[in-house]
2 protein chains.
Amino acid sequence: MRKIRLGIVGCGIAAKELHWPILKELRDKFEITAVNSRTRKHAEEFAKLVGSPEIFDTYEELLDSGVIEAVDLTIPIELNVQFTEKAILKNIHVICEKPISTDVETGKILVNLAKQTDKVIYIAENWRHIKKYYKVKEVLSKIGKPLYFNWKIWIGMDRNNKYAQTEWRKTPKHIGGFLSDGGVHHVAAMRLIFGDIKWVSAITKKHASFLGGPDFLEAVFEFENQVVGNYTVSYAIKSEETFEVIGTIGKIKLEGNKIIVNDEIIEVEENMGYKEEFEDFYEIILGVRKNELGSPEEALKDLAFFEAALKSNGDRIDLTSLL
Amino acid sequence: MRKIRLGIVGCGIAAKELHWPILKELRDKFEITAVNSRTRKHAEEFAKLVGSPEIFDTYEELLDSGVIEAVDLTIPIELNVQFTEKAILKNIHVICEKPISTDVETGKILVNLAKQTDKVIYIAENWRHIKKYYKVKEVLSKIGKPLYFNWKIWIGMDRNNKYAQTEWRKTPKHIGGFLSDGGVHHVAAMRLIFGDIKWVSAITKKHASFLGGPDFLEAVFEFENQVVGNYTVSYAIKSEETFEVIGTIGKIKLEGNKIIVNDEIIEVEENMGYKEEFEDFYEIILGVRKNELGSPEEALKDLAFFEAALKSNGDRIDLTSLL
């Protein structure tokens, strides 16, 4: 099997804890041949963990090394566009952590770039590969016509949370802090079930002083298919998560990996989506399929929801006005 | 004990099923001395039910009869203002069913009239007398600072529902059909807990063809005390009602007459508020207290929420712009 020679750029939490366990599993598809991190020590630790890739002091040296065909970017959000552009310029495929960029305007650069290059630009949105959301979509017809979707997420990070401690998250250059950083996952999931979102009206608040940016969002919105949505998320307050869809003749609830459709309980195999995402990236590079789930367009739509929500202050913002 | 001589005007569902059982109980405070209804037959049936009040063919004759000091108006909403004005002109106290009027503009007529007369104009909002909501307010401090309030109500009326069959409800002259007619109760309850509402952004839908007006509302709003609110109501779809308040250090849920505050369960005595409302009206007439819970101002604020929600279409409407 053909192996993609991969350079890991950014050796923080995401690379170590989320990507590496999967790349280890996918050894027959990816070979980590190069690493680079702002902090040399992190690069060395990561190199030791994964085998013996070459360590590069700069991203540019890594790109010019000739030992890689693709880069995996797990870097501060504000560097996504610039780092992706540099890789594409060197004819190197890119898989880059979500959100696509700090804001919609700069995110568009990658949407346009993807149209001009034959290299892959893959925005790694693992939630677009989580099976339970596809299962929810599949059973929608059991509740008649879906009318209303409601998702309340109470994450309640504490002061010592490792993500909250990341320097670039403490003083975020990306819009909305955790709201967009964590939230694009949620919007990716709801969009894969109900399709594109037409408009949003929202209010944000800041409840925890130690979190960068606002940490509470209450949004009402409408999908293109006329389903009305309501999304509540707090990164400061911990409480019970609820997810439900109301249809003309029934209700779907999602509780962990259990989907409750009217009186029926469906257990869904848990998956985090990282494996499927890297497999998808691999097959797109090989030309097996087009880039749909990892396309910059999709990632931009997820982010646009938050840009609209943050602008809204209770007013209706049509997403097409941003996209 | 001094008895108020009361004329019942409108002998429909509200008079027969909601007011009469209470007035029977409060015989020592109210004596039904006159009735009038558009349909003579309804007036006769009602008269028979309550004893032997005089039956009047017209409202004007009832007002001029000299046998009443107060009227109880349970009439189509669009008649509230005109009927109240006529009573006040004849120096007769008024208790009138909610909502105050068809819309905020005409409702203001009663607010102003109340300032000019020494007679009582009491808008009968029984939910402002329901004990469990006061209990919720009382225990709020147990969850720290309240941040978020969420109420989802799925009434799901069927085609044969007696209210849905009322002629003036089928082709409503009041804004929003059931949304305002039923909804002022909900807003009265939330306002008694959290205080006045600053702004609302909402979307309405019509899901059931047999209900007059829109029947679904999804609203996000903010109280003056900065609590963010979310209110979902459907008169077409039946599902489970949920009511919760999230605070900095806990949560309150209301399930029927059970208040769950963090891990504590508080059972509250059920009351519908009609008795307390008529007792309040009685004592205000006697000068025991001022009209606070039945004032036209309060009723107008409840209605303004719906006028804002109906105008919104996703945009933010400040309630002060209507009041």
# chains A, B, ... in the order shown; residues from 1 in each chain; ligands from 1
call {"tool": "residues_around", "arguments": {"residues": "Ile32 in chain A", "least_positions_apart": "6", "cutoff": "9 Å", "atoms": "only C-alpha atoms", "output": "PyMOL selection string"}}
result
chain A and resi 4-8+23+47+50-54+68
call {"tool": "write_last_selection", "arguments": {"atoms": "N, CA, C and O atoms", "output": "mmCIF file, in the first residue's frame"}}
result
data_model
loop_
_atom_site.group_PDB
_atom_site.id
_atom_site.type_symbol
_atom_site.label_atom_id
_atom_site.label_comp_id
_atom_site.auth_asym_id
_atom_site.auth_seq_id
_atom_site.Cartn_x
_atom_site.Cartn_y
_atom_site.Cartn_z
ATOM 1 N N ILE A 4 1.799 7.737 2.480
ATOM 2 C CA ILE A 4 1.994 9.176 2.331
ATOM 3 C C ILE A 4 3.043 9.610 3.350
ATOM 4 O O ILE A 4 2.910 9.331 4.546
ATOM 5 N N ARG A 5 4.069 10.295 2.859
ATOM 6 C CA ARG A 5 5.098 10.802 3.773
ATOM 7 C C ARG A 5 4.610 12.132 4.353
ATOM 8 O O ARG A 5 4.361 13.085 3.604
ATOM 9 N N LEU A 6 4.455 12.135 5.658
ATOM 10 C CA LEU A 6 3.751 13.230 6.334
ATOM 11 C C LEU A 6 4.669 14.005 7.276
ATOM 12 O O LEU A 6 5.441 13.423 8.022
ATOM 13 N N GLY A 7 4.561 15.313 7.211
ATOM 14 C CA GLY A 7 5.262 16.170 8.172
ATOM 15 C C GLY A 7 4.281 16.704 9.191
ATOM 16 O O GLY A 7 3.223 17.214 8.835
ATOM 17 N N ILE A 8 4.618 16.536 10.475
ATOM 18 C CA ILE A 8 3.752 17.063 11.535
ATOM 19 C C ILE A 8 4.244 18.455 11.908
ATOM 20 O O ILE A 8 5.431 18.626 12.237
ATOM 21 N N LEU A 23 -2.585 8.042 13.715
ATOM 22 C CA LEU A 23 -1.541 7.852 12.698
ATOM 23 C C LEU A 23 -0.741 6.577 12.972
ATOM 24 O O LEU A 23 -0.265 5.918 12.044
ATOM 25 N N ALA A 47 9.034 13.627 18.193
ATOM 26 C CA ALA A 47 9.844 12.777 17.303
ATOM 27 C C ALA A 47 10.160 11.449 18.003
ATOM 28 O O ALA A 47 10.070 10.368 17.399
ATOM 29 N N VAL A 50 7.114 9.124 18.080
ATOM 30 C CA VAL A 50 6.606 8.523 16.839
ATOM 31 C C VAL A 50 7.640 7.687 16.079
ATOM 32 O O VAL A 50 7.291 7.046 15.090
ATOM 33 N N GLY A 51 8.900 7.697 16.482
ATOM 34 C CA GLY A 51 9.904 6.928 15.754
ATOM 35 C C GLY A 51 11.116 7.820 15.519
ATOM 36 O O GLY A 51 11.650 8.399 16.462
ATOM 37 N N SER A 52 11.487 7.974 14.269
ATOM 38 C CA SER A 52 12.677 8.821 14.048
ATOM 39 C C SER A 52 12.512 9.739 12.836
ATOM 40 O O SER A 52 13.257 9.638 11.867
ATOM 41 N N PRO A 53 11.491 10.592 12.874
ATOM 42 C CA PRO A 53 11.362 11.554 11.773
ATOM 43 C C PRO A 53 12.443 12.617 11.886
ATOM 44 O O PRO A 53 13.039 12.789 12.961
ATOM 45 N N GLU A 54 12.695 13.291 10.796
ATOM 46 C CA GLU A 54 13.644 14.405 10.850
ATOM 47 C C GLU A 54 13.007 15.579 11.575
ATOM 48 O O GLU A 54 11.812 15.852 11.392
ATOM 49 N N ILE A 68 8.754 14.989 2.501
ATOM 50 C CA ILE A 68 7.293 14.937 2.759
ATOM 51 C C ILE A 68 6.468 15.227 1.507
ATOM 52 O O ILE A 68 6.911 15.940 0.608
#
call {"tool": "closest_atom_pairs", "arguments": {"of": "chain A", "to": "chain B", "cutoff": "9 Å", "atoms": "only C-alpha atoms", "output": "JSON lines"}}
result
{"residue": "A:Leu147", "atom": "CA", "partner": "B:His207", "partner_atom": "CA", "distance": 8.6}
{"residue": "A:Trp199", "atom": "CA", "partner": "B:Gly314", "partner_atom": "CA", "distance": 8.1}
{"residue": "A:Val200", "atom": "CA", "partner": "B:Gly314", "partner_atom": "CA", "distance": 7.4}
{"residue": "A:Ser201", "atom": "CA", "partner": "B:Gly314", "partner_atom": "CA", "distance": 5.8}
{"residue": "A:Ala202", "atom": "CA", "partner": "B:Val220", "partner_atom": "CA", "distance": 7.6}
{"residue": "A:Ile203", "atom": "CA", "partner": "B:Val228", "partner_atom": "CA", "distance": 8.2}
{"residue": "A:His207", "atom": "CA", "partner": "B:Thr248", "partner_atom": "CA", "distance": 8.4}
{"residue": "A:Glu218", "atom": "CA", "partner": "B:Val220", "partner_atom": "CA", "distance": 7.4}
{"residue": "A:Ala219", "atom": "CA", "partner": "B:Val220", "partner_atom": "CA", "distance": 7.3}
{"residue": "A:Val220", "atom": "CA", "partner": "B:Val220", "partner_atom": "CA", "distance": 6.7}
{"residue": "A:Phe221", "atom": "CA", "partner": "B:Gly314", "partner_atom": "CA", "distance": 7.8}
{"residue": "A:Glu222", "atom": "CA", "partner": "B:Ile203", "partner_atom": "CA", "distance": 8.7}
{"residue": "A:Val228", "atom": "CA", "partner": "B:Glu218", "partner_atom": "CA", "distance": 7.8}
{"residue": "A:Gly229", "atom": "CA", "partner": "B:Glu218", "partner_atom": "CA", "distance": 8.6}
{"residue": "A:Asn230", "atom": "CA", "partner": "B:Glu218", "partner_atom": "CA", "distance": 8.1}
{"residue": "A:Ala236", "atom": "CA", "partner": "B:Thr248", "partner_atom": "CA", "distance": 8.8}
{"residue": "A:Ile237", "atom": "CA", "partner": "B:Thr248", "partner_atom": "CA", "distance": 6.7}
{"residue": "A:Lys238", "atom": "CA", "partner": "B:Gly250", "partner_atom": "CA", "distance": 8.8}
{"residue": "A:Ser239", "atom": "CA", "partner": "B:Lys251", "partner_atom": "CA", "distance": 8.0}
{"residue": "A:Ile246", "atom": "CA", "partner": "B:Ser239", "partner_atom": "CA", "distance": 8.2}
{"residue": "A:Gly247", "atom": "CA", "partner": "B:Ile237", "partner_atom": "CA", "distance": 8.2}
{"residue": "A:Thr248", "atom": "CA", "partner": "B:Ile237", "partner_atom": "CA", "distance": 6.7}
{"residue": "A:Ile249", "atom": "CA", "partner": "B:Ile237", "partner_atom": "CA", "distance": 8.2}
{"residue": "A:Gly250", "atom": "CA", "partner": "B:Ser239", "partner_atom": "CA", "distance": 8.2}
{"residue": "A:Lys251", "atom": "CA", "partner": "B:Ser239", "partner_atom": "CA", "distance": 8.0}
{"residue": "A:Ser312", "atom": "CA", "partner": "B:Asp315", "partner_atom": "CA", "distance": 8.7}
{"residue": "A:Asn313", "atom": "CA", "partner": "B:Arg316", "partner_atom": "CA", "distance": 7.7}
{"residue": "A:Gly314", "atom": "CA", "partner": "B:Arg316", "partner_atom": "CA", "distance": 4.6}
{"residue": "A:Asp315", "atom": "CA", "partner": "B:Asp315", "partner_atom": "CA", "distance": 4.0}
{"residue": "A:Arg316", "atom": "CA", "partner": "B:Gly314", "partner_atom": "CA", "distance": 4.6}
{"residue": "A:Ile317", "atom": "CA", "partner": "B:Gly314", "partner_atom": "CA", "distance": 8.1}
call {"tool": "closest_residue", "arguments": {"among": "A:Arg191, A:Lys206, A:Lys142, A:Arg169", "to": "Asp263 in chain A", "atoms": "only C-alpha atoms"}}
result
A:Lys142
call {"tool": "select_by_dssp", "arguments": {"residues": "range 119-195 of chain A", "states": "strand (DSSP E)", "output": "PyMOL selection string"}}
result
chain A and resi 121-124+146-154
call {"tool": "select_by_dssp", "arguments": {"residues": "range 82-261 of chain B", "states": "alpha helix (DSSP H)", "output": "ChimeraX atom specification"}}
result
/B:82-89,104-116,131-139,162-165,167-170,178-194
call {"tool": "residues_around", "arguments": {"residues": "range 83-94 of chain B", "least_positions_apart": "2", "cutoff": "8 Å", "atoms": "only C-alpha atoms", "output": "mmCIF file with N, CA and C atoms, in the first residue's frame"}}
result
data_model
loop_
_atom_site.group_PDB
_atom_site.id
_atom_site.type_symbol
_atom_site.label_atom_id
_atom_site.label_comp_id
_atom_site.auth_asym_id
_atom_site.auth_seq_id
_atom_site.Cartn_x
_atom_site.Cartn_y
_atom_site.Cartn_z
ATOM 1 N N LEU B 63 -75.088 47.647 32.066
ATOM 2 C CA LEU B 63 -74.324 48.722 32.723
ATOM 3 C C LEU B 63 -75.254 49.749 33.371
ATOM 4 N N ASP B 64 -76.411 49.985 32.748
ATOM 5 C CA ASP B 64 -77.338 51.014 33.248
ATOM 6 C C ASP B 64 -78.320 50.481 34.281
ATOM 7 N N ILE B 68 -75.407 46.414 39.499
ATOM 8 C CA ILE B 68 -74.013 45.957 39.571
ATOM 9 C C ILE B 68 -73.042 47.079 39.946
ATOM 10 N N GLU B 69 -71.931 46.681 40.584
ATOM 11 C CA GLU B 69 -70.827 47.616 40.880
ATOM 12 C C GLU B 69 -69.611 47.272 40.043
ATOM 13 N N ALA B 70 -69.598 46.039 39.525
ATOM 14 C CA ALA B 70 -68.419 45.572 38.785
ATOM 15 C C ALA B 70 -68.866 44.618 37.684
ATOM 16 N N VAL B 71 -68.058 44.569 36.610
ATOM 17 C CA VAL B 71 -68.322 43.562 35.576
ATOM 18 C C VAL B 71 -67.125 42.634 35.450
ATOM 19 N N ASP B 72 -67.441 41.402 35.098
ATOM 20 C CA ASP B 72 -66.413 40.399 34.806
ATOM 21 C C ASP B 72 -66.519 40.130 33.303
ATOM 22 N N LEU B 73 -65.521 40.587 32.541
ATOM 23 C CA LEU B 73 -65.579 40.476 31.082
ATOM 24 C C LEU B 73 -64.825 39.247 30.584
ATOM 25 N N LEU B 79 -62.873 42.901 21.964
ATOM 26 C CA LEU B 79 -63.878 43.757 22.607
ATOM 27 C C LEU B 79 -63.416 44.312 23.956
ATOM 28 N N ASN B 80 -62.295 43.827 24.443
ATOM 29 C CA ASN B 80 -61.849 44.187 25.801
ATOM 30 C C ASN B 80 -61.800 45.695 26.045
ATOM 31 N N VAL B 81 -61.165 46.421 25.144
ATOM 32 C CA VAL B 81 -60.953 47.859 25.369
ATOM 33 C C VAL B 81 -62.288 48.609 25.389
ATOM 34 N N CYS B 96 -61.224 41.880 33.655
ATOM 35 C CA CYS B 96 -61.320 41.508 32.250
ATOM 36 C C CYS B 96 -60.281 40.437 31.929
ATOM 37 N N LEU B 110 -56.183 51.295 27.774
ATOM 38 C CA LEU B 110 -56.590 50.886 29.133
ATOM 39 C C LEU B 110 -55.568 51.305 30.188
ATOM 40 N N LEU B 113 -56.419 54.888 30.710
ATOM 41 C CA LEU B 113 -57.727 54.994 31.370
ATOM 42 C C LEU B 113 -57.598 54.680 32.860
ATOM 43 N N THR B 117 -59.058 57.070 36.197
ATOM 44 C CA THR B 117 -60.279 56.699 36.925
ATOM 45 C C THR B 117 -59.947 56.229 38.336
ATOM 46 N N LYS B 119 -61.935 53.963 39.525
ATOM 47 C CA LYS B 119 -62.482 52.610 39.471
ATOM 48 C C LYS B 119 -61.338 51.635 39.124
ATOM 49 N N VAL B 120 -61.541 50.387 39.431
ATOM 50 C CA VAL B 120 -60.490 49.390 39.200
ATOM 51 C C VAL B 120 -60.587 48.812 37.780
ATOM 52 N N ILE B 121 -59.485 48.796 37.086
ATOM 53 C CA ILE B 121 -59.410 48.027 35.833
ATOM 54 C C ILE B 121 -58.414 46.902 36.097
ATOM 55 N N TYR B 122 -58.933 45.706 36.179
ATOM 56 C CA TYR B 122 -58.112 44.560 36.586
ATOM 57 C C TYR B 122 -58.029 43.580 35.421
ATOM 58 N N ILE B 285 -60.765 46.720 45.153
ATOM 59 C CA ILE B 285 -61.997 47.523 45.153
ATOM 60 C C ILE B 285 -62.240 48.118 46.544
#
call {"tool": "decode", "arguments": {"residues": "range 193-204 of chain A", "atoms": "all heavy atoms", "output": "PDB file, in the first residue's frame"}}
result
ATOM      1  N   ILE A 193     -26.631  16.803   9.584  1.00  0.00           N
ATOM      2  CA  ILE A 193     -27.978  16.243   9.770  1.00  0.00           C
ATOM      3  C   ILE A 193     -29.031  17.033   8.979  1.00  0.00           C
ATOM      4  O   ILE A 193     -29.835  16.455   8.259  1.00  0.00           O
ATOM      5  CB  ILE A 193     -28.377  16.229  11.271  1.00  0.00           C
ATOM      6  CG1 ILE A 193     -27.395  15.385  12.078  1.00  0.00           C
ATOM      7  CG2 ILE A 193     -29.814  15.713  11.445  1.00  0.00           C
ATOM      8  CD1 ILE A 193     -27.545  15.520  13.582  1.00  0.00           C
ATOM      9  N   PHE A 194     -29.004  18.346   9.113  1.00  0.00           N
ATOM     10  CA  PHE A 194     -30.103  19.166   8.582  1.00  0.00           C
ATOM     11  C   PHE A 194     -29.748  20.000   7.352  1.00  0.00           C
ATOM     12  O   PHE A 194     -30.621  20.616   6.754  1.00  0.00           O
ATOM     13  CB  PHE A 194     -30.631  20.113   9.673  1.00  0.00           C
ATOM     14  CG  PHE A 194     -31.169  19.400  10.876  1.00  0.00           C
ATOM     15  CD1 PHE A 194     -30.445  19.349  12.054  1.00  0.00           C
ATOM     16  CD2 PHE A 194     -32.405  18.769  10.828  1.00  0.00           C
ATOM     17  CE1 PHE A 194     -30.923  18.691  13.172  1.00  0.00           C
ATOM     18  CE2 PHE A 194     -32.904  18.104  11.939  1.00  0.00           C
ATOM     19  CZ  PHE A 194     -32.161  18.063  13.109  1.00  0.00           C
ATOM     20  N   GLY A 195     -28.474  20.045   7.018  1.00  0.00           N
ATOM     21  CA  GLY A 195     -28.075  20.852   5.863  1.00  0.00           C
ATOM     22  C   GLY A 195     -27.667  22.261   6.264  1.00  0.00           C
ATOM     23  O   GLY A 195     -27.469  22.553   7.445  1.00  0.00           O
ATOM     24  N   ASP A 196     -27.571  23.125   5.279  1.00  0.00           N
ATOM     25  CA  ASP A 196     -27.039  24.469   5.515  1.00  0.00           C
ATOM     26  C   ASP A 196     -27.972  25.335   6.350  1.00  0.00           C
ATOM     27  O   ASP A 196     -29.184  25.126   6.391  1.00  0.00           O
ATOM     28  CB  ASP A 196     -26.760  25.158   4.176  1.00  0.00           C
ATOM     29  CG  ASP A 196     -25.477  24.621   3.540  1.00  0.00           C
ATOM     30  OD1 ASP A 196     -24.698  23.954   4.243  1.00  0.00           O
ATOM     31  OD2 ASP A 196     -25.271  24.872   2.341  1.00  0.00           O
ATOM     32  N   ILE A 197     -27.355  26.293   7.007  1.00  0.00           N
ATOM     33  CA  ILE A 197     -28.086  27.229   7.866  1.00  0.00           C
ATOM     34  C   ILE A 197     -28.277  28.541   7.105  1.00  0.00           C
ATOM     35  O   ILE A 197     -27.359  29.044   6.463  1.00  0.00           O
ATOM     36  CB  ILE A 197     -27.311  27.443   9.184  1.00  0.00           C
ATOM     37  CG1 ILE A 197     -27.346  26.138  10.000  1.00  0.00           C
ATOM     38  CG2 ILE A 197     -27.878  28.604   9.987  1.00  0.00           C
ATOM     39  CD1 ILE A 197     -26.299  26.040  11.084  1.00  0.00           C
ATOM     40  N   LYS A 198     -29.495  29.074   7.191  1.00  0.00           N
ATOM     41  CA  LYS A 198     -29.873  30.262   6.433  1.00  0.00           C
ATOM     42  C   LYS A 198     -29.512  31.547   7.185  1.00  0.00           C
ATOM     43  O   LYS A 198     -28.911  32.441   6.640  1.00  0.00           O
ATOM     44  CB  LYS A 198     -31.396  30.212   6.253  1.00  0.00           C
ATOM     45  CG  LYS A 198     -31.947  30.993   5.123  1.00  0.00           C
ATOM     46  CD  LYS A 198     -33.396  30.548   4.906  1.00  0.00           C
ATOM     47  CE  LYS A 198     -34.162  31.499   4.055  1.00  0.00           C
ATOM     48  NZ  LYS A 198     -35.552  31.010   3.901  1.00  0.00           N
ATOM     49  N   TRP A 199     -29.927  31.621   8.425  1.00  0.00           N
ATOM     50  CA  TRP A 199     -29.657  32.820   9.230  1.00  0.00           C
ATOM     51  C   TRP A 199     -29.560  32.430  10.692  1.00  0.00           C
ATOM     52  O   TRP A 199     -30.031  31.377  11.109  1.00  0.00           O
ATOM     53  CB  TRP A 199     -30.750  33.882   9.026  1.00  0.00           C
ATOM     54  CG  TRP A 199     -32.132  33.444   9.422  1.00  0.00           C
ATOM     55  CD1 TRP A 199     -33.077  32.906   8.597  1.00  0.00           C
ATOM     56  CD2 TRP A 199     -32.732  33.485  10.738  1.00  0.00           C
ATOM     57  NE1 TRP A 199     -34.217  32.610   9.310  1.00  0.00           N
ATOM     58  CE2 TRP A 199     -34.040  32.959  10.622  1.00  0.00           C
ATOM     59  CE3 TRP A 199     -32.296  33.920  11.989  1.00  0.00           C
ATOM     60  CZ2 TRP A 199     -34.914  32.854  11.701  1.00  0.00           C
ATOM     61  CZ3 TRP A 199     -33.161  33.807  13.080  1.00  0.00           C
ATOM     62  CH2 TRP A 199     -34.460  33.287  12.916  1.00  0.00           C
ATOM     63  N   VAL A 200     -28.971  33.353  11.442  1.00  0.00           N
ATOM     64  CA  VAL A 200     -28.833  33.131  12.882  1.00  0.00           C
ATOM     65  C   VAL A 200     -29.063  34.454  13.617  1.00  0.00           C
ATOM     66  O   VAL A 200     -28.733  35.532  13.104  1.00  0.00           O
ATOM     67  CB  VAL A 200     -27.452  32.502  13.224  1.00  0.00           C
ATOM     68  CG1 VAL A 200     -26.320  33.375  12.746  1.00  0.00           C
ATOM     69  CG2 VAL A 200     -27.293  32.216  14.707  1.00  0.00           C
ATOM     70  N   SER A 201     -29.661  34.347  14.790  1.00  0.00           N
ATOM     71  CA  SER A 201     -29.792  35.482  15.695  1.00  0.00           C
ATOM     72  C   SER A 201     -29.314  34.988  17.048  1.00  0.00           C
ATOM     73  O   SER A 201     -29.735  33.923  17.495  1.00  0.00           O
ATOM     74  CB  SER A 201     -31.255  35.918  15.772  1.00  0.00           C
ATOM     75  OG  SER A 201     -31.379  36.913  16.772  1.00  0.00           O
ATOM     76  N   ALA A 202     -28.432  35.737  17.687  1.00  0.00           N
ATOM     77  CA  ALA A 202     -27.801  35.179  18.889  1.00  0.00           C
ATOM     78  C   ALA A 202     -27.362  36.252  19.869  1.00  0.00           C
ATOM     79  O   ALA A 202     -27.315  37.441  19.533  1.00  0.00           O
ATOM     80  CB  ALA A 202     -26.599  34.345  18.482  1.00  0.00           C
ATOM     81  N   ILE A 203     -27.064  35.784  21.060  1.00  0.00           N
ATOM     82  CA  ILE A 203     -26.489  36.654  22.092  1.00  0.00           C
ATOM     83  C   ILE A 203     -25.339  35.899  22.750  1.00  0.00           C
ATOM     84  O   ILE A 203     -25.436  34.686  22.949  1.00  0.00           O
ATOM     85  CB  ILE A 203     -27.572  37.095  23.114  1.00  0.00           C
ATOM     86  CG1 ILE A 203     -26.997  37.866  24.310  1.00  0.00           C
ATOM     87  CG2 ILE A 203     -28.358  35.904  23.656  1.00  0.00           C
ATOM     88  CD1 ILE A 203     -26.970  39.339  24.099  1.00  0.00           C
ATOM     89  N   THR A 204     -24.255  36.585  23.022  1.00  0.00           N
ATOM     90  CA  THR A 204     -23.116  35.949  23.702  1.00  0.00           C
ATOM     91  C   THR A 204     -22.889  36.639  25.049  1.00  0.00           C
ATOM     92  O   THR A 204     -23.274  37.794  25.239  1.00  0.00           O
ATOM     93  CB  THR A 204     -21.819  36.055  22.872  1.00  0.00           C
ATOM     94  OG1 THR A 204     -21.495  37.436  22.703  1.00  0.00           O
ATOM     95  CG2 THR A 204     -21.985  35.408  21.516  1.00  0.00           C
TER      96      THR A 204
END
